[in-house]
Amino acid sequence: MLQERREQNYLRGASILLIASLLVKFASAIYKIPLFNIIDDVGIGTFQVTYNVFTLILTISTAGIPTALSRLIASANGRGNRILVNRYFSVAMPSFILIGFVAMFIMFFFADALAGFMNSSLAAYGIRVLSPAVFFACIISVYRGYAQGHENMVPTAMSQLIEVTCKVIIGISAALFLSSRNYPSYIVSAGAIVGVTTGLGLAVPLLAWYKRKMSRMFPSNDSCCNDPGQSAGKIFAHIMKVSIPITLTMAFMSINVVISNSIVIGRLQSALGFADYEALAQYGMVARGMTVTNLPYALVVPISISTVPAIAAAIAKGQSKRSGNIMQSSLKIVNLVAMPAAVGIMTLAAPILMALYEFDLQLATMSLIILGAASFFVNLQYITTAMLQANGFERTTLITFPIGVSINILLSFILSGNPNIGILATPIGMLTCFIVISMLNISFIIAKVKDRPKFSKVFIRPLLCSIAMAAAAFGVFSLLSGLHFTTAFNVQIFTGALLLISVISGIIVYGFLIVVSRTVTMDDMKLIPKGAKIAKFLRIKA
C-alpha cells in the first residue's frame, strides 16, 4: 500500500511539472517570438549572449541544490528522520543567500568584463539588469529542493508560472515601450529582461508560504529519531558533497555554451572579418531556432526532476526493482516525446521559421535542422544524467560532460573559421557534444546500475513511429502548399495555418501507430494526467 502511494506521488509530481512546464514553455514562446520580431538580429544576439552569461553564473550558484536537497531529504524522509530533513534546510538557506549575494555582486560590477569575454560588449546592459535575478534564484533553489524532496512538485510548478507570467507581461511591455522611443535594439533586449528579475523576486514569498505550510504537515517526531548530532558545518559539507558534482556537471554545459559561443563569435570577427554587430546578428539567427527546440525539453525536465527523489527513496528502502521500473518508464516517455519532436522539427524546419519570423530563411533553416537533431540528444542526456545522479553516481558525469564539452569547443574553433560553415559551427558542435555525452551516460548506466532500463525496447519502436509521423506531416504540408490557395492572409499566417494542419495530421498518425504497435503500454500512460482512463478508452494493454 505504501509503495503504491509513493508511486502515485511520483506520477502526480511528474504530471504537475509536465503541465506547468508546458505552460511555461508556451508562455516563453509567446515572450520570445514577438520579442524577436520587435528587435533585430543584433538585439536577439545580445539577448541570447546575456542569457548565456546569466545561466552560467546561475548554474554555478544554484544548479545542484534542488537535486541534491531533494535526494538527501527524500532519503532522510524514507528513514523517518524529520530532524535531519529540517537541518538540511536550515543550513542550506543562509549559505545560499550568501552565495547569491556574491554572484549578484559579480554580475553587476563585472558586467563589462563578462560581456567582453563573450566578444559582445553590448550585452553588459542586460547582464546588469539580470544580476538581482541570481540572488533570488539561490533562495528559490533551496525552497524547491525542500519541496521536491517531499515529492511535492506544486511549489516548483507555481513558482515557474509566476516567473514566466512576469517575464511575458513586464518583458514585452518594456520592450514595446523602449522600442517606441527608438532606443537601440541592445537596450530594448536589456529592458525585456526586467520581467525575469521581477518574476523571480515575486516567486520567493510564494515558496516561503509553501515551506511553512509543508512544515506544519510534516512536524518533527523527536521520539522517532534522535538528532544526528552533526554540526552546521558538517551538514553543509554533506550537502555540498552531493551538490558539487551535480553543479559541476550542469556547469560544464553552461561553460560549454559560453566558451563555444564566445569562440564562434570571436572567430567570425577575426577569421571571417565580421564586425561586432554582424557577428551578433549571425548568432541571432541561430537563437531563433533555439526557441523552437526548447518545447521538447519542457516535457522531459519534469520527468527527470520527479525521477531523482523517487529513485532515491526506492533505493533507500531497498526496492531496487521499483527503481528500475521508474527508470524504464521515464526513459520510455522521454523517447515517446523527444523523438517525434526532433524528427518533426527537422522535417518542417523551413515552414516553422516562415510562420514565426520574417527574414532570410536559408541560414536559419539549416541551423534549425541541426538543432532539431540535437534536441533529442539534449533530452536523452538529461534523463540519463538524472538516472546516474539518482543512483548515487553523480561523479560519473564529471567524466562524460568534460569529454562532450571538449569536443564541442574544438569543433567550434575549427569549423567557425571556415567561410562555408561559419555560424553553423554552433549547432554542429552542440549536436556532436550531446551525442557523445548521451552515449557515454548510457554506457555507464549499463556498467554500473543493476536494475537498468532495457534500452533496445525503448528506442526502436518510438523511432520508427516518429519517422512515419514526420513523413505524414511533411506529405500533408507539401500537398496543401501545392494547391495554391487564394488567400487574403499574409504569408506568415497562411503558412502557420498549413503547418498547424500538418502537425495535427502527424500527431494523429503517431498516436495511432504507437497504440497499434503497442509501443505505449498502460504503465507508460500512467505517467500522464488521466493516462489510465485514456488508455482504457484506447484499449491500450499493459
# chains A, B, ... in the order shown; residues from 1 in each chain; ligands from 1
>>> residues_around(residues="A:Gly199", least_positions_apart="3", cutoff="8 Å", atoms="only C-alpha atoms", output="number ranges by chain")
A: 162-167, 195-196, 202-203
>>> select_by_dssp(residues="stretch 422-458 of chain A", states="alpha helix (DSSP H)", output="ChimeraX atom specification")
/A:425-448,455-458
>>> atom_distance(atom1="atom CA of A:Ser243", atom2="atom CA of A:Ser70")
10.4 Å
>>> residues_around(residues="A:Gly404", least_positions_apart="6", cutoff="9 Å", atoms="only C-alpha atoms", output="list in words")
Asn256, Thr432, Cys433, Phe434, Ile435, Val436 and Ile437 of chain A
>>> atom_distance(atom1="atom CA of A:Phe459", atom2="atom CA of A:Val286")
28.8 Å
>>> closest_residue(among="A:Pro351, A:Gly417, A:Gly45, A:Pro453", to="A:Val264", atoms="only C-alpha atoms")
A:Gly417
>>> atom_distance(atom1="atom CA of A:Ile263", atom2="atom CA of A:Thr62")
25.7 Å
